[in-house]
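Novice: Before anything else, here's the structure in question.
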Amino acid sequence: MKSETERLRQLENEAIYILREAYRTLSKPAMLWSMGKDSSVMLALTRKAFFGKVPFPVVHIDTSFKIPEMIRFRDIKAKEWGLDLRISTNRQALAAGMNHEKGRLECCTALKTQALKTFLKEQDFTTIFAAIRLDEEGSRGKERIFSPRGAGSEWNYREQPPQFWNEYQTDVSPGTEMRVHPILNWTELDLWLYIREQKIPVLDLYFARNGRRYRSVGCAPCTGTIASNASNLDEVIEELRTTKIGERTGRAQDQADRYAMQKLRAQGYM
Amino acid sequence: MSLRIAMVGHVDHGKSTLIGRLLSDTGQMQIERSARVQSLCDSTGQKFEFAFLLDALEEEQSQGITIDVTEVNWRHDGVDYTFVDTPGHREFLKKMIGGASRVEVAVLLLDVKEGVQDSFRRQMLALDLLGVHRRIILVNKMDLVDWSELAWLEREREIRALLIGGEHWVLPASAWHGANLLESSEHMPWYKGPTFLQALKSLAKSRSVAAGPTRFFVQDVFRWDDKRIYAGRVESGEIAVGDTLVFHPGDAQSKVRTIEAYGENRTKAVAGDAIGFTLEDPLFLDRGALGFRPTEKPLISSLIRGDLFWLDREPIKVGDRLKIKMGTHTGFARVEKIEHEIEAETFSKLKDPDVLNMFGRILFRFEESWAFDRFIECEPTGRFVISKSGQVLGGGRWVDKGDEANSVTFPGSVLWFTGLSGAGKTTVARALEKELQMQGGKVVVLDGDTFRQGLCSDLGFSDSDRRENVRRAAHVAKLLADEGFTVITAFISPFKELRTLAREIVGASRFQEVFVDCPIEVCEARDVKGLYAKARRGELREFTGLTSPFEKPEVPDMHLHTAKFAVQESVRQLSAFLGGAK
């Protein structure tokens, strides 16, 4: 369909512009890559924006509970694309026995939020590219493309800077952490249409085997599959055109508390 | 790309409810989101609150308000829409303006019980400044006044009194009941106008076609693989291999050697494309340099006049040093003069104030010469944002160079619109009037209907009466043009002979014939005043286009195609035409 292709061009142009804007005007950038569909699309857009290069480190926050296919995919692609891959794990919390049975919010906070914060501090990154999207869940609907964070990565969602037209405000005082969200305006369907159009490699986990598939991937204990027969790109796209089931239905941490994601994200969760 | 729609309105006038209702009635509500809201409402014993579907933050749900902008996608009948839900309280005007600046259409909600308030006037003014000229004004909560036609007429009258220019729909509804949203409501049999959906579709149809001069801001320069790639976005127009580009500042120029887009072979890039290019000569260009074609120069000056909105509690004072950003170009300017402030309650202009609180016109003196366009001629290089101490605190649109006379002065002239009933003469005339007024011009519209009701109420539609009608109108136009007004006339004036007469009366040197061209099928389908229907029923005799001829102008001074282009595109063409003609 013509309008869908046009929409993809517009989203692609916007993302490329944002990536370049952040790279040029902000300091010490790094990109979060979870090997999921969202951040893999962001990575593909980065290579477009910089004419084939990824001019900053790519970070994986490894909780050690990730699905094994994800790690294999990560290592193969990092080599193929020549990425400066950095991996961060909260070993202290793991040594102390942290896992989802201690509480899902507690586990996410320790193994993801804490691991990310410690890593950013140690390696002194202040500009973080994250592949979140407005339509994923309620609190992300309040995000900005350029989102300055407080000390300790806190998100003050009440006092966000205004954004007029498509003028991005990148003036921040030195040392301020900035979260940059190049694909904030993409929908789940946009992602899959773009993956098909650009032939972007994605995890096999997204395609149905024996009547089930992952719609969103994360840690093995907290990520479930959905009933589906969509076993290839065309079928996934067709399924998304008609479904009324939310994308993060299989993500247990969202269900732990009515405002779980708002709370996690206010503390610095991606 | 989806049509972006700002939802604007006072707190509690039903914005989020409207969006929730649309999603729900078209089966686009995610199951677990609505289940979550249902359980929340059950736990507090209230009725199902649609607004909670969007107002997802805990504080928003417990206090029943929207704190921040939310975006929601909606698809209907093959068209994608994005609703940008904006907060309504006064202190959130900043966010409302931020949300509304990236949209093409605005939906304003008004509680039928409360009527037009200051906040509504402020919102309308902000939308004017942002350039959002297509609006739907929904008089909501009709259920709370027992679907009273009288209450609706009262509100409609109040609202229409505020409307000038642009494309507006004013309609009654109840968002909570879904009345008059997707389908007309059995509760309001007295209402014959469009539903919300019909109004939205009509606005979606008239989306403007990209046109304008070539403009490109250098975003970054990459010197990779022995190439010097100038990366950026085509803001307007297009760039092709072989084109000559000039860059400001510096006036360096060169030819485009290649268009660079990773993984693609391209020879051309158009407005919106984030690409790179190489040049025949390796120019040294900084981020922020503006590229243009030698034949399409922007305005260049260090003294520039702009209309702006200011959102900080502390007002702007003469002498303030502000950081101005336009695309990737930034610079500093001092406030040379505050030419006027627009008072948000009454819309009245206060001349030469010492400070500017929210809306007004400022003369900026830049530290270096600055390239720009008038907003009406090229939006991306016609608007700017202002920051102070690293915070974005305002924005606006460029009006003109400040080293020319104070405000654009058009010598008295007459724009004689001619076209079928329903072609859009009055709509375009009113929108142009507003635009020229914003540029500081003296403008007046002479409307055919108004003449027929007053000055020419003794005349009918025979050939001799039509001639007398035009003769009187031309003389009034002449008197006003003598006083320095730009006069826009909106008369069908179907015969060549009549238009020649008008040209003779006004004087050929200051008379411009503007053909407002729209196929009769489209005019008849619009039939805003119901005249075509009447004529078809035989109730009107000698109706132009059906039972009386329309002689098309052969060589009009200006030819507008209103079926193809949005009103604002016609206004842009006319404004550029006037700018060139003066």
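Here, A, B, ... name the chains of the structure tokens in the order displayed, residue numbers run from 1 inside each chain, and ligands are numbered from 1 in the same displayed order.
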So which bits of region 17-264 of chain A end up alpha helix (DSSP H) when you DSSP the backbone, as an MDAnalysis selection string?
Specialist: chainID A and resid 17:25 37:49 68:80 91:95 104:108 115:123 188:198 233:242 252:255 260:264
Novice: Those same residues - C-alpha atoms - I'd like them written as a JSON list (two decimals), in the first residue's frame.
Specialist:
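This went into part12.json:
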[["chain", "number", "residue", "atom", "x", "y", "z"],
["A", 17, "TYR", "CA", 17.46, 12.97, 11.71],
["A", 18, "ILE", "CA", 17.16, 12.32, 15.45],
["A", 19, "LEU", "CA", 20.16, 9.96, 15.51],
["A", 20, "ARG", "CA", 22.36, 12.48, 13.73],
["A", 21, "GLU", "CA", 21.08, 15.36, 15.83],
["A", 22, "ALA", "CA", 21.93, 13.55, 19.05],
["A", 23, "TYR", "CA", 25.30, 12.33, 17.80],
["A", 24, "ARG", "CA", 26.33, 15.82, 16.73],
["A", 25, "THR", "CA", 25.02, 17.89, 19.64],
["A", 37, "LYS", "CA", 12.85, -6.25, 17.21],
["A", 38, "ASP", "CA", 12.75, -2.63, 18.39],
["A", 39, "SER", "CA", 16.40, -2.07, 19.15],
["A", 40, "SER", "CA", 17.44, -4.17, 16.13],
["A", 41, "VAL", "CA", 15.47, -1.78, 13.90],
["A", 42, "MET", "CA", 17.10, 1.15, 15.72],
["A", 43, "LEU", "CA", 20.51, -0.35, 15.00],
["A", 44, "ALA", "CA", 19.66, -0.77, 11.31],
["A", 45, "LEU", "CA", 18.56, 2.88, 11.20],
["A", 46, "THR", "CA", 21.83, 3.90, 12.82],
["A", 47, "ARG", "CA", 23.82, 2.25, 10.06],
["A", 48, "LYS", "CA", 21.70, 4.20, 7.56],
["A", 49, "ALA", "CA", 22.11, 7.50, 9.39],
["A", 68, "PRO", "CA", 19.83, -18.40, 24.92],
["A", 69, "GLU", "CA", 18.95, -17.70, 21.25],
["A", 70, "MET", "CA", 19.21, -14.00, 22.05],
["A", 71, "ILE", "CA", 22.81, -14.29, 23.18],
["A", 72, "ARG", "CA", 23.79, -16.33, 20.13],
["A", 73, "PHE", "CA", 22.14, -13.76, 17.83],
["A", 74, "ARG", "CA", 23.93, -10.94, 19.67],
["A", 75, "ASP", "CA", 27.39, -12.41, 19.27],
["A", 76, "ILE", "CA", 27.00, -13.30, 15.60],
["A", 77, "LYS", "CA", 25.59, -9.93, 14.56],
["A", 78, "ALA", "CA", 28.02, -7.88, 16.67],
["A", 79, "LYS", "CA", 30.85, -9.49, 14.76],
["A", 80, "GLU", "CA", 29.18, -9.17, 11.37],
["A", 91, "ARG", "CA", 27.07, -9.48, 39.38],
["A", 92, "GLN", "CA", 26.71, -8.30, 42.94],
["A", 93, "ALA", "CA", 22.94, -8.74, 42.91],
["A", 94, "LEU", "CA", 23.22, -12.10, 41.15],
["A", 95, "ALA", "CA", 25.77, -13.29, 43.71],
["A", 104, "ARG", "CA", 9.39, -9.10, 39.74],
["A", 105, "LEU", "CA", 9.74, -5.36, 40.29],
["A", 106, "GLU", "CA", 12.68, -5.89, 42.64],
["A", 107, "CYS", "CA", 14.36, -8.17, 40.12],
["A", 108, "CYS", "CA", 13.88, -5.75, 37.19],
["A", 115, "ALA", "CA", 22.90, -2.61, 36.04],
["A", 116, "LEU", "CA", 22.24, 0.16, 33.52],
["A", 117, "LYS", "CA", 22.83, 2.98, 36.01],
["A", 118, "THR", "CA", 26.07, 1.49, 37.32],
["A", 119, "PHE", "CA", 27.30, 0.89, 33.82],
["A", 120, "LEU", "CA", 26.53, 4.43, 32.64],
["A", 121, "LYS", "CA", 28.33, 5.82, 35.64],
["A", 122, "GLU", "CA", 31.38, 3.59, 35.34],
["A", 123, "GLN", "CA", 31.83, 4.13, 31.62],
["A", 188, "GLU", "CA", 4.56, -2.44, 16.38],
["A", 189, "LEU", "CA", 3.11, -2.87, 12.88],
["A", 190, "ASP", "CA", 5.44, -0.16, 11.48],
["A", 191, "LEU", "CA", 8.41, -2.12, 12.86],
["A", 192, "TRP", "CA", 7.43, -5.34, 11.16],
["A", 193, "LEU", "CA", 6.63, -3.63, 7.85],
["A", 194, "TYR", "CA", 10.06, -2.00, 7.99],
["A", 195, "ILE", "CA", 11.80, -5.25, 8.92],
["A", 196, "ARG", "CA", 10.21, -6.89, 5.89],
["A", 197, "GLU", "CA", 10.94, -3.98, 3.55],
["A", 198, "GLN", "CA", 14.58, -3.59, 4.62],
["A", 233, "LEU", "CA", 7.01, -12.05, 8.27],
["A", 234, "ASP", "CA", 3.89, -11.85, 6.12],
["A", 235, "GLU", "CA", 1.88, -13.81, 8.67],
["A", 236, "VAL", "CA", 3.12, -11.76, 11.63],
["A", 237, "ILE", "CA", 2.10, -8.58, 9.78],
["A", 238, "GLU", "CA", -1.34, -9.99, 9.00],
["A", 239, "GLU", "CA", -1.80, -11.05, 12.62],
["A", 240, "LEU", "CA", -0.93, -7.56, 13.88],
["A", 241, "ARG", "CA", -3.42, -5.92, 11.55],
["A", 242, "THR", "CA", -6.29, -7.61, 13.36],
["A", 252, "ALA", "CA", 5.07, -10.46, 33.68],
["A", 253, "GLN", "CA", 6.62, -7.36, 35.26],
["A", 254, "ASP", "CA", 3.89, -5.14, 33.72],
["A", 255, "GLN", "CA", 1.20, -7.08, 35.51],
["A", 260, "ALA", "CA", 4.43, -1.00, 37.54],
["A", 261, "MET", "CA", 5.92, 0.45, 34.37],
["A", 262, "GLN", "CA", 5.43, 4.04, 35.52],
["A", 263, "LYS", "CA", 7.25, 3.23, 38.76],
["A", 264, "LEU", "CA", 10.07, 1.33, 37.10]]
Novice: Residues within 6 Å of region 502-514 of chain B, please, as a short mmCIF file (atom, residue, chain, number, x, y, z; two decimals) with N, CA and C atoms, in the first residue's frame. Count only C-alpha atoms; anything in the same chain fewer than 6 positions from it doesn't count.
Specialist:
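Saved to part_10.cif:
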data_model
loop_
_atom_site.label_atom_id
_atom_site.label_comp_id
_atom_site.auth_asym_id
_atom_site.auth_seq_id
_atom_site.Cartn_x
_atom_site.Cartn_y
_atom_site.Cartn_z
N SER B 413 -4.88 48.05 -3.20
CA SER B 413 -5.10 47.26 -4.40
C SER B 413 -6.38 46.45 -4.24
N VAL B 414 -6.87 45.92 -5.33
CA VAL B 414 -8.09 45.13 -5.30
C VAL B 414 -7.81 43.74 -5.87
N LEU B 415 -8.11 42.72 -5.06
CA LEU B 415 -8.04 41.34 -5.55
C LEU B 415 -9.48 40.94 -5.85
N TRP B 416 -9.79 40.83 -7.11
CA TRP B 416 -11.18 40.55 -7.50
C TRP B 416 -11.34 39.05 -7.70
N PHE B 417 -11.96 38.39 -6.73
CA PHE B 417 -12.18 36.94 -6.82
C PHE B 417 -13.39 36.67 -7.70
N ALA B 474 -17.56 47.50 -7.16
CA ALA B 474 -16.29 48.01 -7.70
C ALA B 474 -16.03 49.43 -7.18
N LYS B 478 -12.93 50.59 -4.94
CA LYS B 478 -12.06 51.70 -5.38
C LYS B 478 -11.83 52.68 -4.23
N PRO B 556 -6.46 34.91 -16.10
CA PRO B 556 -6.57 35.61 -14.81
C PRO B 556 -5.17 35.98 -14.32
N ASP B 557 -5.09 36.97 -13.46
CA ASP B 557 -3.78 37.33 -12.89
C ASP B 557 -3.30 36.23 -11.95
N MET B 558 -4.26 35.50 -11.39
CA MET B 558 -3.92 34.44 -10.44
C MET B 558 -4.97 33.35 -10.59
N HIS B 559 -4.55 32.11 -10.61
CA HIS B 559 -5.49 31.00 -10.83
C HIS B 559 -5.37 30.03 -9.65
#
Novice: In region 201-244 of chain A, what's strand (DSSP E) per DSSP? Answer as a PyMOL selection string?
Specialist: chain A and resi 212-213+226-227
Novice: Using only C-alpha atoms, determine which residues lie at most 12 Å from Met270 (chain A), disregarding the query and same-chain residues fewer than 4 positions distant; provide the list as an NGL selection string.
Specialist: :A and (31-34 or 39 or 61 or 108-109 or 112-117 or 128-133 or 139-140 or 143 or 147 or 149 or 153-155 or 179-181 or 261-266)
Novice: Please provide the set of residues having any atom within 6 Å of region 53-57 of chain A, restricted to only C-alpha atoms, with same-chain residues fewer than 6 positions apart removed, written as a list in words.
Specialist: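 Final neighbour list, sorted by chain and number: Ala30, Arg47, Asp84 and Leu85 of chain A.
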Novice: Could you please take those selected residues and save N, CA and C atoms as a PDB file, in the first residue's frame?
Specialist:
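Just written: again25.pdb:
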ATOM      1  N   ALA A  30      25.855   6.203  23.701  1.00  0.00           N
ATOM      2  CA  ALA A  30      25.868   4.742  23.630  1.00  0.00           C
ATOM      3  C   ALA A  30      24.450   4.297  23.298  1.00  0.00           C
ATOM      4  N   ARG A  47      22.885   2.507  11.151  1.00  0.00           N
ATOM      5  CA  ARG A  47      23.817   2.249  10.058  1.00  0.00           C
ATOM      6  C   ARG A  47      23.432   3.082   8.834  1.00  0.00           C
ATOM      7  N   ASP A  84      31.026  -2.100  18.483  1.00  0.00           N
ATOM      8  CA  ASP A  84      31.790  -1.969  19.731  1.00  0.00           C
ATOM      9  C   ASP A  84      30.813  -2.374  20.842  1.00  0.00           C
ATOM     10  N   LEU A  85      30.704  -3.686  21.081  1.00  0.00           N
ATOM     11  CA  LEU A  85      29.684  -4.214  22.003  1.00  0.00           C
ATOM     12  C   LEU A  85      30.186  -4.206  23.438  1.00  0.00           C
TER      13      LEU A  85
END
Novice: I need the residue nearest chain A from this list: B:Val567, B:Leu163, B:Ile520, B:Ala231. Use only C-alpha atoms for the distance.
Specialist: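 Closest candidate: B:Ala231.
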Novice: Neighbours of Arg21 (chain B) within 12 Å (only C-alpha atoms; same-chain residues fewer than 2 positions away dropped), as a PyMOL selection string?
Specialist: chain B and resi 14-19+23-29+34+48-54+74+174-182
Novice: What does the file look like for those residues with N, CA and C atoms, as a PDB file, in the first residue's frame?
Specialist:
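Written file, out29.pdb:
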ATOM      1  N   GLY B  14     -13.731  16.939  28.224  1.00  0.00           N
ATOM      2  CA  GLY B  14     -14.015  15.648  27.596  1.00  0.00           C
ATOM      3  C   GLY B  14     -13.081  15.192  26.486  1.00  0.00           C
ATOM      4  N   LYS B  15     -11.852  15.696  26.458  1.00  0.00           N
ATOM      5  CA  LYS B  15     -10.934  15.327  25.373  1.00  0.00           C
ATOM      6  C   LYS B  15     -10.595  13.839  25.382  1.00  0.00           C
ATOM      7  N   SER B  16     -10.129  13.369  26.553  1.00  0.00           N
ATOM      8  CA  SER B  16      -9.724  11.971  26.626  1.00  0.00           C
ATOM      9  C   SER B  16     -10.920  11.046  26.428  1.00  0.00           C
ATOM     10  N   THR B  17     -12.070  11.470  26.935  1.00  0.00           N
ATOM     11  CA  THR B  17     -13.278  10.666  26.763  1.00  0.00           C
ATOM     12  C   THR B  17     -13.591  10.477  25.282  1.00  0.00           C
ATOM     13  N   LEU B  18     -13.429  11.538  24.518  1.00  0.00           N
ATOM     14  CA  LEU B  18     -13.706  11.464  23.084  1.00  0.00           C
ATOM     15  C   LEU B  18     -12.805  10.414  22.412  1.00  0.00           C
ATOM     16  N   ILE B  19     -11.517  10.467  22.727  1.00  0.00           N
ATOM     17  CA  ILE B  19     -10.589   9.516  22.093  1.00  0.00           C
ATOM     18  C   ILE B  19     -10.914   8.091  22.535  1.00  0.00           C
ATOM     19  N   LEU B  23     -11.964   4.895  20.042  1.00  0.00           N
ATOM     20  CA  LEU B  23     -11.237   3.623  20.029  1.00  0.00           C
ATOM     21  C   LEU B  23     -12.184   2.478  20.341  1.00  0.00           C
ATOM     22  N   SER B  24     -12.973   2.690  21.359  1.00  0.00           N
ATOM     23  CA  SER B  24     -13.852   1.646  21.840  1.00  0.00           C
ATOM     24  C   SER B  24     -14.955   1.325  20.813  1.00  0.00           C
ATOM     25  N   ASP B  25     -15.565   2.350  20.220  1.00  0.00           N
ATOM     26  CA  ASP B  25     -16.654   2.129  19.263  1.00  0.00           C
ATOM     27  C   ASP B  25     -16.180   1.515  17.946  1.00  0.00           C
ATOM     28  N   THR B  26     -14.881   1.592  17.677  1.00  0.00           N
ATOM     29  CA  THR B  26     -14.397   1.000  16.438  1.00  0.00           C
ATOM     30  C   THR B  26     -13.584  -0.258  16.719  1.00  0.00           C
ATOM     31  N   GLY B  27     -13.702  -0.771  17.954  1.00  0.00           N
ATOM     32  CA  GLY B  27     -13.063  -2.032  18.296  1.00  0.00           C
ATOM     33  C   GLY B  27     -11.541  -1.980  18.272  1.00  0.00           C
ATOM     34  N   GLN B  28     -10.951  -0.813  18.572  1.00  0.00           N
ATOM     35  CA  GLN B  28      -9.493  -0.718  18.539  1.00  0.00           C
ATOM     36  C   GLN B  28      -8.888  -0.572  19.924  1.00  0.00           C
ATOM     37  N   MET B  29      -9.683  -0.968  20.914  1.00  0.00           N
ATOM     38  CA  MET B  29      -9.212  -0.867  22.283  1.00  0.00           C
ATOM     39  C   MET B  29      -8.542  -2.176  22.647  1.00  0.00           C
ATOM     40  N   SER B  34      -8.539  -2.010  28.579  1.00  0.00           N
ATOM     41  CA  SER B  34      -9.886  -1.677  29.046  1.00  0.00           C
ATOM     42  C   SER B  34     -10.256  -2.501  30.273  1.00  0.00           C
ATOM     43  N   PHE B  48     -17.578   3.609  34.101  1.00  0.00           N
ATOM     44  CA  PHE B  48     -16.392   3.374  33.270  1.00  0.00           C
ATOM     45  C   PHE B  48     -15.816   4.691  32.769  1.00  0.00           C
ATOM     46  N   GLU B  49     -14.562   4.933  33.087  1.00  0.00           N
ATOM     47  CA  GLU B  49     -13.935   6.207  32.735  1.00  0.00           C
ATOM     48  C   GLU B  49     -13.028   6.023  31.527  1.00  0.00           C
ATOM     49  N   PHE B  50     -13.526   6.425  30.341  1.00  0.00           N
ATOM     50  CA  PHE B  50     -12.739   6.287  29.111  1.00  0.00           C
ATOM     51  C   PHE B  50     -11.385   6.977  29.224  1.00  0.00           C
ATOM     52  N   ALA B  51     -11.397   8.106  29.921  1.00  0.00           N
ATOM     53  CA  ALA B  51     -10.183   8.918  29.971  1.00  0.00           C
ATOM     54  C   ALA B  51      -9.003   8.143  30.553  1.00  0.00           C
ATOM     55  N   PHE B  52      -9.279   7.178  31.444  1.00  0.00           N
ATOM     56  CA  PHE B  52      -8.183   6.425  32.078  1.00  0.00           C
ATOM     57  C   PHE B  52      -7.396   5.598  31.067  1.00  0.00           C
ATOM     58  N   LEU B  53      -8.011   5.334  29.923  1.00  0.00           N
ATOM     59  CA  LEU B  53      -7.305   4.563  28.914  1.00  0.00           C
ATOM     60  C   LEU B  53      -6.088   5.316  28.419  1.00  0.00           C
ATOM     61  N   LEU B  54      -6.147   6.628  28.493  1.00  0.00           N
ATOM     62  CA  LEU B  54      -5.045   7.458  28.005  1.00  0.00           C
ATOM     63  C   LEU B  54      -4.258   8.039  29.160  1.00  0.00           C
ATOM     64  N   TRP B  74      -5.217   5.912  15.739  1.00  0.00           N
ATOM     65  CA  TRP B  74      -6.552   5.421  15.408  1.00  0.00           C
ATOM     66  C   TRP B  74      -6.620   5.249  13.903  1.00  0.00           C
ATOM     67  N   SER B 174     -21.979  14.433  22.152  1.00  0.00           N
ATOM     68  CA  SER B 174     -21.748  13.968  23.508  1.00  0.00           C
ATOM     69  C   SER B 174     -20.726  12.843  23.391  1.00  0.00           C
ATOM     70  N   ALA B 175     -19.504  13.147  23.808  1.00  0.00           N
ATOM     71  CA  ALA B 175     -18.434  12.161  23.664  1.00  0.00           C
ATOM     72  C   ALA B 175     -18.737  10.938  24.521  1.00  0.00           C
ATOM     73  N   TRP B 176     -19.273  11.161  25.717  1.00  0.00           N
ATOM     74  CA  TRP B 176     -19.492  10.029  26.614  1.00  0.00           C
ATOM     75  C   TRP B 176     -20.502   9.046  26.026  1.00  0.00           C
ATOM     76  N   HIS B 177     -21.540   9.588  25.378  1.00  0.00           N
ATOM     77  CA  HIS B 177     -22.553   8.718  24.758  1.00  0.00           C
ATOM     78  C   HIS B 177     -22.187   8.325  23.327  1.00  0.00           C
ATOM     79  N   GLY B 178     -21.111   8.910  22.801  1.00  0.00           N
ATOM     80  CA  GLY B 178     -20.743   8.619  21.419  1.00  0.00           C
ATOM     81  C   GLY B 178     -21.709   9.250  20.433  1.00  0.00           C
ATOM     82  N   ALA B 179     -22.415  10.300  20.860  1.00  0.00           N
ATOM     83  CA  ALA B 179     -23.434  10.906  20.000  1.00  0.00           C
ATOM     84  C   ALA B 179     -22.835  11.903  19.025  1.00  0.00           C
ATOM     85  N   ASN B 180     -23.171  11.728  17.749  1.00  0.00           N
ATOM     86  CA  ASN B 180     -22.683  12.570  16.655  1.00  0.00           C
ATOM     87  C   ASN B 180     -21.169  12.458  16.454  1.00  0.00           C
ATOM     88  N   LEU B 181     -20.583  11.343  16.864  1.00  0.00           N
ATOM     89  CA  LEU B 181     -19.156  11.138  16.590  1.00  0.00           C
ATOM     90  C   LEU B 181     -19.016  10.368  15.282  1.00  0.00           C
ATOM     91  N   LEU B 182     -19.366   9.073  15.322  1.00  0.00           N
ATOM     92  CA  LEU B 182     -19.260   8.265  14.111  1.00  0.00           C
ATOM     93  C   LEU B 182     -20.561   8.302  13.321  1.00  0.00           C
TER      94      LEU B 182
END
Novice: Can you work out the spacing between CA of Cys222 (chain A) and CA of Tyr269 (chain A) in Å, to one decimal?
Specialist: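 Interatomic distance, CA of Cys222 (chain A) to CA of Tyr269 (chain A): 16.0 Å.
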Novice: Env of Leu203 (chain B): 10 Å cut, atoms = only C-alpha atoms, seq-sep filter 3 positions within chain, self excluded. Answer as a ChimeraX atom specification.
Specialist: /B:3,104-105,134-136,167-169,197-200,206-207,566
Novice: Please report the interatomic distance between CA of Val399 (chain B) and CA of Ala269 (chain B) in Å with one decimal.
Specialist: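 CA of Ala269 (chain B) lies at a distance of 28.5 Å from CA of Val399 (chain B).
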